[in-house]
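**Student:** The structure under discussion is supplied below as structure tokens; questions concerning it will follow.
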Amino acid sequence: MKILLLEDNKTLSFGIVKKLKESGFVIDSYDDGEDGLYALNTSVYDLLILDLGLPGLDGIDIIQKLRDAQNSIPILVISARDRLDQRIFGLDVGADDYLCKPFELDEVIARVQALLRRSQTQNSNMIHYNDLQFDIQKRTLCKGEEHIDLSKRELSIFEHLLLNVNNVVSKDNIVEHITSMDDDFNPTAVETYISRLRKKLSSSITLKTVRGLGYILSK
């Protein structure tokens with residue numbers, strides 16, 4: 001899944017980005033509110049982690065603009081504005097969760113995973129597909145008791161297809177969700193990863209190419 005982080009404290013931003021990447025997330029980060037809003041309007045993200053005290057455009061203004069545009073992206077606020085009335089206001093304008101600074105990075109990961117489960121209407125970390133079990137939190141794929149070894153890219157693509165099961169997903173959409181702005185990734189490589197998934201998961205999946213449109217994982 002792909003996350004956008006808007007945080008102007010470079011040390012904190014570095015720590016959050018590192019922790020999220022270690023947990024298997026794709027992440028873009030900006031330290032300016034205007035740049036962040038532009039990214040939100042031109043790219044697709046599964047979740048926004050937002051500091052309120054940003055240069056360029058305040059975080060509250062970003063939330064209001066997103067909600068006014070009917071953008072329902074889950075928003076986790078991370079802020080030093082820790083008074084009760086400030087926290088309530090942040091939630092009232094449209095944030096989904098509010099975490100006061102300072103905090104442990106592990107708590108950020110826990111809050112992120114909880115918000116993503118809620119947005120995907122998942123009651124647990126486990127997604128079942130045929131005879132496969134995908135653990136969103138641990139980012140592991142198993143067939144019964146057998147662990148299936150997938151590369152980070154393969155796992156990210158399979159996760160995206162799994163979250164869009166029975167829907168056609170274009171190659172561009174896949175690239176958008178599995179890469180960050182810093183990645184050097186050739187879109188034609190998607191075909192290679194799809195081929196590897198078919199080989200490794202074989203009869204456990206029904207993954208078809210829809211000519212001219214993309215791919216569909218059927219259940």
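Quick note on naming: the chains in the structure tokens go A, B, ... in the order shown, residues restart at 1 in each chain, and ligands are numbered from 1 in order of appearance.
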Within 12 Å of region 169-172 of chain A, counting only C-alpha atoms, which residues show up once you throw out same-chain ones fewer than 5 positions away? Write them as a compact mmCIF listing (two decimals) with all heavy atoms, in the first residue's frame, please.

**Tutor:**
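Printed below is around.txt as written:
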# COMPACT_ATOMS: atom_id res chain seq x y z
N SER A 43 -1.76 12.15 -7.60
CA SER A 43 -1.37 10.76 -7.41
C SER A 43 -2.42 10.06 -6.54
O SER A 43 -3.29 10.71 -5.97
CB SER A 43 0.00 10.66 -6.75
OG SER A 43 1.00 11.27 -7.54
N VAL A 44 -2.29 8.74 -6.45
CA VAL A 44 -3.23 7.94 -5.67
C VAL A 44 -2.51 7.38 -4.44
O VAL A 44 -1.47 6.73 -4.58
CB VAL A 44 -3.82 6.79 -6.50
CG1 VAL A 44 -4.78 5.95 -5.66
CG2 VAL A 44 -4.53 7.34 -7.73
N ILE A 157 2.49 -6.15 -5.53
CA ILE A 157 1.56 -6.29 -6.67
C ILE A 157 0.43 -7.24 -6.32
O ILE A 157 -0.75 -6.96 -6.59
CB ILE A 157 2.31 -6.76 -7.93
CG1 ILE A 157 3.23 -5.65 -8.42
CG2 ILE A 157 1.32 -7.15 -9.03
CD1 ILE A 157 4.11 -6.05 -9.59
N PHE A 158 0.76 -8.37 -5.68
CA PHE A 158 -0.28 -9.32 -5.32
C PHE A 158 -1.24 -8.70 -4.30
O PHE A 158 -2.47 -8.88 -4.40
CB PHE A 158 0.33 -10.60 -4.74
CG PHE A 158 -0.70 -11.63 -4.38
CD1 PHE A 158 -1.44 -12.26 -5.36
CD2 PHE A 158 -0.97 -11.95 -3.05
CE1 PHE A 158 -2.42 -13.20 -5.04
CE2 PHE A 158 -1.93 -12.87 -2.71
CZ PHE A 158 -2.66 -13.51 -3.71
N HIS A 160 -2.02 -5.55 -4.00
CA HIS A 160 -2.88 -4.58 -4.70
C HIS A 160 -3.96 -5.29 -5.51
O HIS A 160 -5.12 -4.86 -5.50
CB HIS A 160 -2.03 -3.70 -5.61
CG HIS A 160 -2.78 -2.58 -6.23
ND1 HIS A 160 -3.52 -1.68 -5.50
CD2 HIS A 160 -2.95 -2.22 -7.53
CE1 HIS A 160 -4.10 -0.81 -6.31
NE2 HIS A 160 -3.78 -1.12 -7.55
N LEU A 161 -3.60 -6.37 -6.18
CA LEU A 161 -4.60 -7.14 -6.93
C LEU A 161 -5.62 -7.77 -5.99
O LEU A 161 -6.82 -7.82 -6.28
CB LEU A 161 -3.91 -8.23 -7.76
CG LEU A 161 -3.04 -7.75 -8.92
CD1 LEU A 161 -2.22 -8.91 -9.48
CD2 LEU A 161 -3.90 -7.12 -10.02
N LEU A 162 -5.14 -8.24 -4.85
CA LEU A 162 -6.01 -8.89 -3.87
C LEU A 162 -7.02 -7.91 -3.29
O LEU A 162 -8.19 -8.26 -3.06
CB LEU A 162 -5.15 -9.49 -2.75
CG LEU A 162 -5.84 -10.41 -1.73
CD1 LEU A 162 -6.49 -11.59 -2.41
CD2 LEU A 162 -4.81 -10.89 -0.71
N LEU A 163 -6.58 -6.68 -3.06
CA LEU A 163 -7.48 -5.66 -2.52
C LEU A 163 -8.46 -5.14 -3.58
O LEU A 163 -9.40 -4.41 -3.25
CB LEU A 163 -6.68 -4.51 -1.93
CG LEU A 163 -5.88 -4.85 -0.66
CD1 LEU A 163 -4.97 -3.69 -0.28
CD2 LEU A 163 -6.82 -5.19 0.49
N ASN A 164 -8.20 -5.52 -4.83
CA ASN A 164 -9.10 -5.14 -5.93
C ASN A 164 -9.62 -6.38 -6.65
O ASN A 164 -9.83 -6.36 -7.86
CB ASN A 164 -8.36 -4.23 -6.92
CG ASN A 164 -8.05 -2.87 -6.34
OD1 ASN A 164 -8.88 -1.97 -6.34
ND2 ASN A 164 -6.84 -2.72 -5.82
N HIS A 177 0.73 2.42 -7.48
CA HIS A 177 0.57 1.95 -6.10
C HIS A 177 1.81 1.28 -5.52
O HIS A 177 1.93 1.19 -4.31
CB HIS A 177 -0.62 0.98 -6.01
CG HIS A 177 -1.93 1.67 -5.82
ND1 HIS A 177 -2.63 2.23 -6.86
CD2 HIS A 177 -2.66 1.93 -4.70
CE1 HIS A 177 -3.74 2.77 -6.40
NE2 HIS A 177 -3.77 2.61 -5.10
N ILE A 178 2.72 0.81 -6.37
CA ILE A 178 3.86 0.06 -5.83
C ILE A 178 5.17 0.84 -5.89
O ILE A 178 6.21 0.33 -5.48
CB ILE A 178 4.04 -1.29 -6.56
CG1 ILE A 178 4.51 -1.08 -8.00
CG2 ILE A 178 2.78 -2.12 -6.50
CD1 ILE A 178 4.99 -2.33 -8.69
N THR A 179 5.13 2.08 -6.40
CA THR A 179 6.36 2.85 -6.49
C THR A 179 6.20 4.20 -5.81
O THR A 179 5.10 4.77 -5.75
CB THR A 179 6.77 3.11 -7.96
OG1 THR A 179 5.73 3.83 -8.63
CG2 THR A 179 7.03 1.80 -8.68
N PHE A 185 11.70 2.84 -11.85
CA PHE A 185 10.97 1.61 -12.16
C PHE A 185 10.45 1.68 -13.58
O PHE A 185 9.76 2.63 -13.96
CB PHE A 185 9.82 1.43 -11.18
CG PHE A 185 9.06 0.14 -11.35
CD1 PHE A 185 9.53 -1.04 -10.79
CD2 PHE A 185 7.86 0.11 -12.06
CE1 PHE A 185 8.83 -2.22 -10.95
CE2 PHE A 185 7.15 -1.06 -12.21
CZ PHE A 185 7.63 -2.24 -11.66
N ASN A 186 10.76 0.66 -14.37
CA ASN A 186 10.26 0.56 -15.74
C ASN A 186 8.90 -0.12 -15.73
O ASN A 186 8.78 -1.27 -15.30
CB ASN A 186 11.25 -0.25 -16.59
CG ASN A 186 10.90 -0.23 -18.06
OD1 ASN A 186 9.73 -0.03 -18.43
ND2 ASN A 186 11.88 -0.44 -18.91
N PRO A 187 7.84 0.56 -16.19
CA PRO A 187 6.49 -0.01 -16.14
C PRO A 187 6.37 -1.37 -16.84
O PRO A 187 5.52 -2.18 -16.47
CB PRO A 187 5.63 1.04 -16.85
CG PRO A 187 6.37 2.33 -16.63
CD PRO A 187 7.83 1.95 -16.68
N THR A 188 7.21 -1.62 -17.83
CA THR A 188 7.14 -2.91 -18.52
C THR A 188 7.51 -4.07 -17.60
O THR A 188 7.18 -5.22 -17.89
CB THR A 188 8.06 -2.93 -19.76
OG1 THR A 188 9.41 -2.70 -19.34
CG2 THR A 188 7.65 -1.85 -20.75
N ALA A 189 8.18 -3.76 -16.48
CA ALA A 189 8.57 -4.81 -15.53
C ALA A 189 7.35 -5.44 -14.86
O ALA A 189 7.45 -6.55 -14.33
CB ALA A 189 9.52 -4.25 -14.48
N VAL A 190 6.21 -4.74 -14.88
CA VAL A 190 4.99 -5.30 -14.29
C VAL A 190 4.67 -6.65 -14.93
O VAL A 190 4.26 -7.60 -14.25
CB VAL A 190 3.80 -4.32 -14.45
CG1 VAL A 190 2.49 -5.00 -14.04
CG2 VAL A 190 4.03 -3.08 -13.60
N GLU A 191 4.85 -6.74 -16.24
CA GLU A 191 4.56 -8.00 -16.94
C GLU A 191 5.42 -9.13 -16.40
O GLU A 191 4.95 -10.27 -16.25
CB GLU A 191 4.80 -7.82 -18.44
CG GLU A 191 3.91 -6.76 -19.08
CD GLU A 191 4.31 -6.45 -20.50
OE1 GLU A 191 5.08 -7.24 -21.09
OE2 GLU A 191 3.86 -5.42 -21.03
N THR A 192 6.67 -8.82 -16.10
CA THR A 192 7.58 -9.84 -15.55
C THR A 192 7.12 -10.30 -14.18
O THR A 192 7.09 -11.50 -13.88
CB THR A 192 9.01 -9.28 -15.45
OG1 THR A 192 9.46 -8.88 -16.75
CG2 THR A 192 9.96 -10.33 -14.88
N TYR A 193 6.73 -9.35 -13.33
CA TYR A 193 6.26 -9.69 -11.98
C TYR A 193 4.96 -10.49 -12.02
O TYR A 193 4.77 -11.42 -11.24
CB TYR A 193 6.09 -8.43 -11.14
CG TYR A 193 7.39 -7.79 -10.74
CD1 TYR A 193 7.75 -6.53 -11.19
CD2 TYR A 193 8.29 -8.46 -9.91
CE1 TYR A 193 8.95 -5.95 -10.82
CE2 TYR A 193 9.49 -7.89 -9.52
CZ TYR A 193 9.82 -6.63 -9.99
OH TYR A 193 11.02 -6.06 -9.62
N ILE A 194 4.06 -10.14 -12.94
CA ILE A 194 2.82 -10.89 -13.10
C ILE A 194 3.13 -12.33 -13.51
O ILE A 194 2.54 -13.29 -12.99
CB ILE A 194 1.91 -10.23 -14.16
CG1 ILE A 194 1.37 -8.88 -13.63
CG2 ILE A 194 0.76 -11.14 -14.54
CD1 ILE A 194 0.38 -8.97 -12.51
N LEU A 207 -5.49 -15.40 -12.37
CA LEU A 207 -4.99 -14.07 -12.72
C LEU A 207 -4.93 -13.96 -14.24
O LEU A 207 -4.11 -14.60 -14.89
CB LEU A 207 -3.60 -13.86 -12.09
CG LEU A 207 -2.89 -12.53 -12.38
CD1 LEU A 207 -3.77 -11.35 -12.03
CD2 LEU A 207 -1.57 -12.48 -11.62
N LYS A 208 -5.82 -13.16 -14.78
CA LYS A 208 -5.95 -13.06 -16.24
C LYS A 208 -5.50 -11.69 -16.73
O LYS A 208 -5.62 -10.68 -16.03
CB LYS A 208 -7.41 -13.29 -16.65
CG LYS A 208 -7.94 -14.68 -16.32
CD LYS A 208 -9.39 -14.81 -16.74
CE LYS A 208 -9.93 -16.20 -16.41
NZ LYS A 208 -11.36 -16.34 -16.78
N THR A 209 -4.99 -11.69 -17.96
CA THR A 209 -4.67 -10.45 -18.64
C THR A 209 -5.87 -10.02 -19.47
O THR A 209 -6.41 -10.82 -20.25
CB THR A 209 -3.45 -10.63 -19.57
OG1 THR A 209 -2.33 -11.04 -18.79
CG2 THR A 209 -3.13 -9.33 -20.29
N VAL A 210 -6.30 -8.79 -19.28
CA VAL A 210 -7.40 -8.24 -20.07
C VAL A 210 -6.75 -7.32 -21.10
O VAL A 210 -6.29 -6.22 -20.75
CB VAL A 210 -8.41 -7.47 -19.20
CG1 VAL A 210 -9.56 -6.96 -20.05
CG2 VAL A 210 -8.92 -8.35 -18.07
N ARG A 211 -6.70 -7.78 -22.34
CA ARG A 211 -5.92 -7.07 -23.37
C ARG A 211 -6.33 -5.60 -23.48
O ARG A 211 -7.50 -5.27 -23.62
CB ARG A 211 -6.11 -7.77 -24.72
CG ARG A 211 -5.16 -7.25 -25.81
CD ARG A 211 -5.30 -8.09 -27.07
NE ARG A 211 -4.93 -9.47 -26.82
CZ ARG A 211 -3.69 -9.93 -26.82
NH1 ARG A 211 -2.68 -9.09 -27.02
NH2 ARG A 211 -3.43 -11.21 -26.62
N GLY A 212 -5.33 -4.76 -23.40
CA GLY A 212 -5.55 -3.33 -23.55
C GLY A 212 -6.03 -2.63 -22.29
O GLY A 212 -6.12 -1.40 -22.25
N LEU A 213 -6.36 -3.41 -21.25
CA LEU A 213 -6.91 -2.81 -20.03
C LEU A 213 -6.05 -3.07 -18.79
O LEU A 213 -5.87 -2.19 -17.96
CB LEU A 213 -8.33 -3.33 -19.78
CG LEU A 213 -9.38 -2.93 -20.82
CD1 LEU A 213 -10.72 -3.59 -20.48
CD2 LEU A 213 -9.53 -1.41 -20.87
N GLY A 214 -5.54 -4.29 -18.64
CA GLY A 214 -4.73 -4.60 -17.46
C GLY A 214 -4.89 -6.03 -17.02
O GLY A 214 -4.89 -6.95 -17.84
N TYR A 215 -5.06 -6.23 -15.70
CA TYR A 215 -5.10 -7.57 -15.13
C TYR A 215 -6.28 -7.68 -14.15
O TYR A 215 -6.69 -6.70 -13.55
CB TYR A 215 -3.80 -7.88 -14.39
CG TYR A 215 -2.56 -7.69 -15.24
CD1 TYR A 215 -1.85 -6.49 -15.21
CD2 TYR A 215 -2.12 -8.71 -16.08
CE1 TYR A 215 -0.73 -6.29 -16.00
CE2 TYR A 215 -0.99 -8.52 -16.88
CZ TYR A 215 -0.31 -7.32 -16.83
OH TYR A 215 0.79 -7.14 -17.62
N ILE A 216 -6.78 -8.92 -14.00
CA ILE A 216 -7.85 -9.13 -13.05
C ILE A 216 -7.59 -10.42 -12.27
O ILE A 216 -7.30 -11.47 -12.84
CB ILE A 216 -9.24 -9.20 -13.75
CG1 ILE A 216 -10.36 -9.39 -12.73
CG2 ILE A 216 -9.27 -10.27 -14.84
CD1 ILE A 216 -11.75 -9.21 -13.29
N LEU A 217 -7.64 -10.30 -10.96
CA LEU A 217 -7.54 -11.45 -10.07
C LEU A 217 -8.97 -11.85 -9.71
O LEU A 217 -9.67 -11.09 -9.05
CB LEU A 217 -6.75 -11.08 -8.81
CG LEU A 217 -6.50 -12.23 -7.80
CD1 LEU A 217 -5.54 -13.27 -8.39
CD2 LEU A 217 -5.94 -11.68 -6.50
N SER A 218 -9.37 -13.02 -10.18
CA SER A 218 -10.76 -13.46 -9.96
C SER A 218 -10.86 -14.41 -8.79
O SER A 218 -9.92 -15.15 -8.47
CB SER A 218 -11.28 -14.15 -11.23
OG SER A 218 -11.21 -13.28 -12.34

**Student:** Could you pull out all residues of region 46-183 of chain A with a DSSP call of strand (DSSP E) and give them as a PyMOL selection string?

**Tutor:** chain A and resi 47-50+75-79+97-100+126-129+132-135+140-143+146-148+168-169

**Student:** Out of A:Leu201, A:Val175, A:Leu66, A:Leu91, which residue has the shortest atom-to-atom distance to Asp131 (chain A) when counting only C-alpha atoms?

**Tutor:**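 Among the listed residues, A:Leu201 lies closest to Asp131 (chain A).
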
**Student:** Measuring between only C-alpha atoms, which one of A:Ala95, A:Ala80, A:Met181, A:Ile73 shows the shortest distance to Ser29 (chain A)?

**Tutor:**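 Checking each of A:Ala95, A:Ala80, A:Met181, A:Ile73 against Ser29 (chain A), counting only C-alpha atoms, the winner is A:Met181.
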
**Student:** Taking only C-alpha atoms into account, produce a table as a Markdown table in which each residue of region 36-95 of chain A with an atom at most 8 Å from an atom of region 106-117 of chain A appears once, together with its shortest atom pair and the distance in Å to one decimal, ordered by chain and rising number.

**Tutor:**
| residue | atom | partner | partner_atom | distance |
| --- | --- | --- | --- | --- |
| A:Asp46 | CA | A:Leu116 | CA | 7.6 |
| A:Leu47 | CA | A:Leu116 | CA | 7.3 |
| A:Pro74 | CA | A:Leu115 | CA | 6.6 |
| A:Leu76 | CA | A:Val112 | CA | 7.3 |

**Student:** Quick one: residues within 6 Å of Ile49 (chain A), only C-alpha atoms counted, chain neighbours fewer than 4 positions away excluded, as a PyMOL selection string?

**Tutor:** chain A and resi 5+75-77

**Student:** Generate a file of the selected residues that holds N, CA, C and O atoms, formatted as a PDB file, in the first residue's frame.

**Tutor:**
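File produced: out.pdb:
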ATOM      1  N   LEU A   5       3.356  11.039   3.377  1.00  0.00           N
ATOM      2  CA  LEU A   5       3.721  11.669   4.645  1.00  0.00           C
ATOM      3  C   LEU A   5       3.993  13.150   4.409  1.00  0.00           C
ATOM      4  O   LEU A   5       4.826  13.503   3.564  1.00  0.00           O
ATOM      5  N   ILE A  75      -6.922   9.667   7.073  1.00  0.00           N
ATOM      6  CA  ILE A  75      -5.941  10.667   7.487  1.00  0.00           C
ATOM      7  C   ILE A  75      -5.544  10.437   8.944  1.00  0.00           C
ATOM      8  O   ILE A  75      -6.393  10.446   9.837  1.00  0.00           O
ATOM      9  N   LEU A  76      -4.246  10.238   9.156  1.00  0.00           N
ATOM     10  CA  LEU A  76      -3.686  10.157  10.507  1.00  0.00           C
ATOM     11  C   LEU A  76      -2.929  11.447  10.766  1.00  0.00           C
ATOM     12  O   LEU A  76      -1.921  11.728  10.118  1.00  0.00           O
ATOM     13  N   VAL A  77      -3.423  12.246  11.695  1.00  0.00           N
ATOM     14  CA  VAL A  77      -2.747  13.482  12.076  1.00  0.00           C
ATOM     15  C   VAL A  77      -1.667  13.167  13.109  1.00  0.00           C
ATOM     16  O   VAL A  77      -1.908  12.419  14.063  1.00  0.00           O
TER      17      VAL A  77
END

**Student:** So, counting only C-alpha atoms, which residue among A:Arg87, A:Lys138, A:Lys10, A:His128 is closest to Tyr30 (chain A)?

**Tutor:** A:Lys10

**Student:** Between A:Tyr129, A:Ser79, A:Glu159, A:Ser151, single out the one closest to Arg196 (chain A), counting only C-alpha atoms.

**Tutor:**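 Ranking A:Tyr129, A:Ser79, A:Glu159, A:Ser151 by distance to Arg196 (chain A), first place goes to A:Ser151.
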
**Student:** Identify, on the basis of only C-alpha atoms, every residue whose closest approach to Lys143 (chain A) does not exceed 7 Å; exclude the query and any residue fewer than 4 positions from it along the same chain; express the result as a PyMOL selection string.

**Tutor:** chain A and resi 131-133+147-148

**Student:** For Ser72 (chain A), which of A:Asp96, A:Glu22, A:Asp58, A:Glu7 is the closest residue, counting only C-alpha atoms?

**Tutor:**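 Ranked by minimum distance to Ser72 (chain A), first place goes to A:Asp96.
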